[in-house]
There are 4 protein chains.
Amino acid sequence: MSETGRTEAFSDGVLAIAITLLVLDLRVPLVETLHDESLAGALADKWPAYAAYVTSFLVIGIIWVNHHGVFELVGRVDRVTLFLNLLLLMAVVAIPFTTALMSEYLRAGDRNARTAALVYSFVMLAMSLAFASLYTHVARRPALLADGVDPAAVRGAIVRFSAIGLLLYLATMVVALFSAPWCLAAHFLIALYYCFQQLRPVTRSR
Amino acid sequence: MSETGRTEAFSDGVLAIAITLLVLDLRVPLVETLHDESLAGALADKWPAYAAYVTSFLVIGIIWVNHHGVFELVGRVDRVTLFLNLLLLMAVVAIPFTTALMSEYLRAGDRNARTAALVYSFVMLAMSLAFASLYTHVARRPALLADGVDPAAVRGAIVRFSAIGLLLYLATMVVALFSAPWCLAAHFLIALYYCFQQLRPVTRSR
Amino acid sequence: MSETGRTEAFSDGVLAIAITLLVLDLRVPLVETLHDESLAGALADKWPAYAAYVTSFLVIGIIWVNHHGVFELVGRVDRVTLFLNLLLLMAVVAIPFTTALMSEYLRAGDRNARTAALVYSFVMLAMSLAFASLYTHVARRPALLADGVDPAAVRGAIVRFSAIGLLLYLATMVVALFSAPWCLAAHFLIALYYCFQQLRPVTRSR
Amino acid sequence: MSETGRTEAFSDGVLAIAITLLVLDLRVPLVETLHDESLAGALADKWPAYAAYVTSFLVIGIIWVNHHGVFELVGRVDRVTLFLNLLLLMAVVAIPFTTALMSEYLRAGDRNARTAALVYSFVMLAMSLAFASLYTHVARRPALLADGVDPAAVRGAIVRFSAIGLLLYLATMVVALFSAPWCLAAHFLIALYYCFQQLRPVTRSR
């Protein structure tokens, strides 16, 4: 397997595990802590956990899709690419933690909910920054591109590819200052937007 | 690797992790909480956890087999396929949570056991719905099928492939209203049925 | 990827996750529960957890090696092969649980230590039984063997391959009745034995 | 897949899971344990957990890169290679545990912080020792090397490849005796050093 293939396979593994670990944020209410409450009530009470689960699942899913989109352009990896990719993964792996934070504090009152939403958005911003750096690094070095990829086109997409995510995630930090639920909703909408609007056509024959 | 291969590999990773995380639902009784009870008694007391573990393990195993069955027909993936596949995985990843819920409440008394069984069955139904949507989406678009696959045959199997699972899982929700243990048994039987009856022949030369 | 390749890749994923989840059985003593004890003392006190970790790690590592040994002989998989493989994985995935049980009760006194050792050995026996069934099923069906594999040789190895593991693991259940630490040591020795003595030569050119 | 490819794929899986499990060491402060403290304060208070997370993430990332570096030289694996590789993985899989230990005790006072730092460094040293043994074993057996690899060059690198890591990690054990935070910083610096200085050129065409 080439360097590129190995890097993709390792990244895929980490992304698959991070997305699956999100389930650990859904915690079962124990029988002995229910007292008079019904399980249905206790579960309904945990809606922030489900909302955070769905949102983070979509976000990591989209990161996976875009990660491959970038690596399809790459033919060779150098040390800086590997390092930037590790930084990207380091942010993604933290998402189950920030998701649990969001679940726990979404309704916990003004100040702490804001902190949770800021931390959640900050990790997404860091992920987005690592992604933009990775793309920009590769796009500026024609020697790293795969055969048949047009360097000018890749370079031309730097601003669009790098800037939009950064701006969107910066915006969620502003939203976080006002409302944690709306901040989570903003992340959900960004993920949906990437799902249907931003993806380059991925259709490709076998 | 083609788009299809990547999607399969990522899905396989998520399925392998979700099936393995089921072990986290088997919890060791701590020495200091045993009091006068024997460990043997405490473990025997946890039979719902083992029953739920075995059932969910089989279910995810079968999902893995059928997932490949569908992707063997697919030659290209489009955005909607990717999105429906993410929804399917989102339901599967929740199974370790619903399994833990079932273990905890299977014998917890009428109302809460019913809630747990309904939630367990609901996630299976959602999984089944995502699966049916994925199959139907692909089956209706000959351009997405792999070379040599007969579009008419694939389309002809929509009802059989999509409807049976949906109906069976809807039926488990009805059973859930009456008895959580029988509901779990129903899921076990459905998984066994898929194991031996429903699989298309998977024999294939290397 | 062929059916066989897919089954191997999925099994490899499950084995890699199960072996890594063993780390969750090593638990950090919390600052506030140490009281006057030193951390060094508290960690030394947990030697059963390290012994169980090392033993189970070796066992799953050996299962991984032998699993590939078997699948190298296989050219086609049928439903029963898939089902027996799922049963094998179901036993392996339970090992982090039985390992935690062994860590917790190894020194907990006569009766409960015996229970833990019996459960640990029983899951190994079940794994061994699933493995023997898988091998026997494949060995008896020349149509399932890979091209160039000699059916008579494979069939001839049934007793050796199936019986030794079963007998060894049955023996550990007897040892479990007398001493949990010696039972764990027996599992460690069996794993070491498989490491160095039993492996078919795995050297093979790229 | 060849023996070598399988060993690499299994090792990659284990490394990907171990690096991702590091997130479990980042724990969310529960609402009910905050009392009058702000969440921001409680999170800031946990800086040792973040420092340990970043350091261990880098370390495992570098192990992954070097592991492939070694296996690119290998054309065949024998039993001892497999066994030494299992020992290497056994040390890596323990890293999430030693990382959690480091997070919990970094500021816990003299004696226990020292214990935590010693354990953290010891596992790194064991990893380094397994790695050096693996490399030395392969380097001394031309029959195990891949075609086109120069045995003299590989053998010539034994001291450099094996000794530097061992010495660096031995040095961290000395640092651990004086200061846990500086010990963690030393591990971070070693990982950074390997990131940018030690890697053989990994650029390679597809």
# chains A, B, ... in the order shown; residues from 1 in each chain; ligands from 1
$ interface_residues --of "chain C" --to "chain B" --cutoff "8 Å" --atoms "only C-alpha atoms" --output "PyMOL selection string"
chain C and resi 2-4+10-11+13-14+17-18+75-79+83+86+90+93-94+96-97+100-101+104-105+108+111-112+115-116+146
$ residues_around --residues "Arg155 of chain C" --least-positions-apart "3" --cutoff "7 Å" --atoms "only C-alpha atoms" --output "list of chain:residue names"
C:Ala139, C:Arg140, C:Pro151, C:Ala152, C:Ile158
$ closest_atom_pairs --of "segment 51-161 of chain D" --to "segment 169-173 of chain D" --cutoff "8 Å" --atoms "only C-alpha atoms" --output "tab-separated table"
residue	atom	partner	partner_atom	distance
D:Ala117	CA	D:Met173	CA	7.6
D:Leu118	CA	D:Met173	CA	5.7
D:Ser121	CA	D:Met173	CA	5.6
D:Phe122	CA	D:Met173	CA	7.0
D:Met124	CA	D:Tyr169	CA	6.6
D:Leu125	CA	D:Tyr169	CA	5.3
D:Ser128	CA	D:Tyr169	CA	7.6
$ write_last_selection --atoms "all heavy atoms" --output "short mmCIF file (atom, residue, chain, number, x, y, z; two decimals), in the first residue's frame"
data_model
loop_
_atom_site.label_atom_id
_atom_site.label_comp_id
_atom_site.auth_asym_id
_atom_site.auth_seq_id
_atom_site.Cartn_x
_atom_site.Cartn_y
_atom_site.Cartn_z
N ALA D 117 4.52 9.31 36.83
CA ALA D 117 5.47 9.65 35.76
C ALA D 117 6.40 8.48 35.47
O ALA D 117 6.76 8.23 34.30
CB ALA D 117 6.26 10.90 36.14
N LEU D 118 6.79 7.76 36.52
CA LEU D 118 7.66 6.59 36.31
C LEU D 118 6.93 5.50 35.53
O LEU D 118 7.49 4.88 34.62
CB LEU D 118 8.15 6.04 37.65
CG LEU D 118 9.34 6.78 38.27
CD1 LEU D 118 9.61 6.28 39.68
CD2 LEU D 118 10.60 6.61 37.41
N SER D 121 6.58 6.58 31.91
CA SER D 121 7.85 6.46 31.20
C SER D 121 8.26 5.00 31.02
O SER D 121 8.84 4.63 30.00
CB SER D 121 8.95 7.21 31.95
OG SER D 121 8.63 8.58 32.04
N PHE D 122 7.92 4.17 32.02
CA PHE D 122 8.29 2.77 31.95
C PHE D 122 7.59 2.07 30.78
O PHE D 122 8.21 1.28 30.05
CB PHE D 122 7.95 2.06 33.27
CG PHE D 122 8.13 0.58 33.19
CD1 PHE D 122 9.39 0.01 33.24
CD2 PHE D 122 7.03 -0.26 33.04
CE1 PHE D 122 9.56 -1.37 33.15
CE2 PHE D 122 7.19 -1.63 32.94
CZ PHE D 122 8.45 -2.19 33.01
N MET D 124 6.55 3.50 28.09
CA MET D 124 7.18 4.00 26.86
C MET D 124 8.52 3.28 26.63
O MET D 124 8.86 2.93 25.49
CB MET D 124 7.43 5.50 26.94
CG MET D 124 6.18 6.34 27.00
SD MET D 124 5.08 6.10 25.57
CE MET D 124 3.86 7.38 25.91
N LEU D 125 9.25 3.06 27.69
CA LEU D 125 10.53 2.37 27.58
C LEU D 125 10.31 0.93 27.11
O LEU D 125 11.03 0.43 26.24
CB LEU D 125 11.24 2.38 28.94
CG LEU D 125 12.65 1.78 28.98
CD1 LEU D 125 13.61 2.59 28.13
CD2 LEU D 125 13.16 1.70 30.41
N SER D 128 9.55 0.99 23.54
CA SER D 128 10.79 1.27 22.81
C SER D 128 11.68 0.03 22.73
O SER D 128 12.31 -0.25 21.70
CB SER D 128 11.50 2.41 23.53
OG SER D 128 12.74 2.67 22.99
#
$ residues_around --residues "His137 of chain B" --least-positions-apart "5" --cutoff "12 Å" --atoms "only C-alpha atoms" --output "JSON, numbers by chain"
{"B": [70, 74, 77, 78, 79, 80, 81, 82, 83, 84, 85, 129, 130, 131, 132, 142, 143, 144, 145, 154, 155, 158, 162]}
$ decode --residues "segment 7-20 of chain D" --atoms "all heavy atoms" --output "JSON list (two decimals), in the first residue's frame"
[["chain", "number", "residue", "atom", "x", "y", "z"],
["D", 7, "THR", "N", -0.17, -8.46, 9.09],
["D", 7, "THR", "CA", 0.38, -8.00, 10.36],
["D", 7, "THR", "C", 0.32, -6.47, 10.44],
["D", 7, "THR", "O", -0.02, -5.92, 11.49],
["D", 7, "THR", "CB", 1.84, -8.48, 10.50],
["D", 7, "THR", "OG1", 1.88, -9.88, 10.26],
["D", 7, "THR", "CG2", 2.40, -8.18, 11.86],
["D", 8, "GLU", "N", 0.62, -5.83, 9.32],
["D", 8, "GLU", "CA", 0.53, -4.36, 9.30],
["D", 8, "GLU", "C", -0.90, -3.89, 9.52],
["D", 8, "GLU", "O", -1.15, -2.95, 10.28],
["D", 8, "GLU", "CB", 1.02, -3.83, 7.95],
["D", 8, "GLU", "CG", 2.51, -3.67, 7.86],
["D", 8, "GLU", "CD", 2.87, -2.92, 6.59],
["D", 8, "GLU", "OE1", 3.02, -3.59, 5.55],
["D", 8, "GLU", "OE2", 2.97, -1.70, 6.62],
["D", 9, "ALA", "N", -1.85, -4.56, 8.85],
["D", 9, "ALA", "CA", -3.25, -4.13, 8.95],
["D", 9, "ALA", "C", -3.76, -4.31, 10.38],
["D", 9, "ALA", "O", -4.44, -3.43, 10.93],
["D", 9, "ALA", "CB", -4.12, -4.91, 7.97],
["D", 10, "PHE", "N", -3.42, -5.45, 11.00],
["D", 10, "PHE", "CA", -3.86, -5.70, 12.38],
["D", 10, "PHE", "C", -3.22, -4.67, 13.32],
["D", 10, "PHE", "O", -3.91, -4.08, 14.17],
["D", 10, "PHE", "CB", -3.47, -7.11, 12.80],
["D", 10, "PHE", "CG", -3.92, -7.49, 14.18],
["D", 10, "PHE", "CD1", -5.25, -7.76, 14.44],
["D", 10, "PHE", "CD2", -3.01, -7.58, 15.23],
["D", 10, "PHE", "CE1", -5.68, -8.11, 15.71],
["D", 10, "PHE", "CE2", -3.44, -7.93, 16.51],
["D", 10, "PHE", "CZ", -4.77, -8.19, 16.74],
["D", 11, "SER", "N", -1.92, -4.42, 13.15],
["D", 11, "SER", "CA", -1.23, -3.44, 13.99],
["D", 11, "SER", "C", -1.81, -2.05, 13.80],
["D", 11, "SER", "O", -2.02, -1.31, 14.77],
["D", 11, "SER", "CB", 0.26, -3.42, 13.65],
["D", 11, "SER", "OG", 0.80, -4.73, 13.67],
["D", 12, "ASP", "N", -2.10, -1.69, 12.55],
["D", 12, "ASP", "CA", -2.72, -0.39, 12.28],
["D", 12, "ASP", "C", -4.05, -0.27, 13.00],
["D", 12, "ASP", "O", -4.37, 0.80, 13.55],
["D", 12, "ASP", "CB", -2.99, -0.25, 10.78],
["D", 12, "ASP", "CG", -1.79, 0.31, 10.06],
["D", 12, "ASP", "OD1", -0.70, 0.36, 10.67],
["D", 12, "ASP", "OD2", -1.93, 0.68, 8.89],
["D", 13, "GLY", "N", -4.83, -1.34, 12.97],
["D", 13, "GLY", "CA", -6.12, -1.32, 13.65],
["D", 13, "GLY", "C", -5.94, -1.07, 15.14],
["D", 13, "GLY", "O", -6.58, -0.20, 15.72],
["D", 14, "VAL", "N", -5.02, -1.83, 15.75],
["D", 14, "VAL", "CA", -4.79, -1.68, 17.19],
["D", 14, "VAL", "C", -4.29, -0.26, 17.50],
["D", 14, "VAL", "O", -4.76, 0.37, 18.46],
["D", 14, "VAL", "CB", -3.78, -2.74, 17.68],
["D", 14, "VAL", "CG1", -3.34, -2.46, 19.10],
["D", 14, "VAL", "CG2", -4.40, -4.13, 17.58],
["D", 15, "LEU", "N", -3.38, 0.26, 16.69],
["D", 15, "LEU", "CA", -2.86, 1.62, 16.93],
["D", 15, "LEU", "C", -3.96, 2.66, 16.78],
["D", 15, "LEU", "O", -4.06, 3.60, 17.59],
["D", 15, "LEU", "CB", -1.71, 1.92, 15.96],
["D", 15, "LEU", "CG", -0.42, 1.12, 16.22],
["D", 15, "LEU", "CD1", 0.56, 1.29, 15.05],
["D", 15, "LEU", "CD2", 0.25, 1.57, 17.51],
["D", 16, "ALA", "N", -4.82, 2.49, 15.76],
["D", 16, "ALA", "CA", -5.91, 3.45, 15.55],
["D", 16, "ALA", "C", -6.88, 3.44, 16.73],
["D", 16, "ALA", "O", -7.37, 4.49, 17.16],
["D", 16, "ALA", "CB", -6.65, 3.14, 14.24],
["D", 17, "ILE", "N", -7.14, 2.24, 17.27],
["D", 17, "ILE", "CA", -8.08, 2.16, 18.39],
["D", 17, "ILE", "C", -7.44, 2.73, 19.65],
["D", 17, "ILE", "O", -8.06, 3.49, 20.38],
["D", 17, "ILE", "CB", -8.53, 0.70, 18.63],
["D", 17, "ILE", "CG1", -9.16, 0.15, 17.35],
["D", 17, "ILE", "CG2", -9.51, 0.61, 19.78],
["D", 17, "ILE", "CD1", -9.10, -1.35, 17.25],
["D", 18, "ALA", "N", -6.17, 2.38, 19.90],
["D", 18, "ALA", "CA", -5.51, 2.87, 21.10],
["D", 18, "ALA", "C", -5.44, 4.40, 21.10],
["D", 18, "ALA", "O", -5.68, 5.05, 22.12],
["D", 18, "ALA", "CB", -4.10, 2.28, 21.21],
["D", 19, "ILE", "N", -5.14, 5.01, 19.93],
["D", 19, "ILE", "CA", -5.03, 6.47, 19.85],
["D", 19, "ILE", "C", -6.40, 7.10, 20.10],
["D", 19, "ILE", "O", -6.50, 8.18, 20.70],
["D", 19, "ILE", "CB", -4.42, 6.91, 18.50],
["D", 19, "ILE", "CG1", -3.60, 8.19, 18.65],
["D", 19, "ILE", "CG2", -5.44, 7.06, 17.43],
["D", 19, "ILE", "CD1", -2.82, 8.59, 17.40],
["D", 20, "THR", "N", -7.46, 6.43, 19.65],
["D", 20, "THR", "CA", -8.80, 7.02, 19.80],
["D", 20, "THR", "C", -9.32, 6.83, 21.21],
["D", 20, "THR", "O", -10.05, 7.69, 21.74],
["D", 20, "THR", "CB", -9.77, 6.39, 18.78],
["D", 20, "THR", "OG1", -9.15, 6.38, 17.50],
["D", 20, "THR", "CG2", -11.05, 7.20, 18.68]]
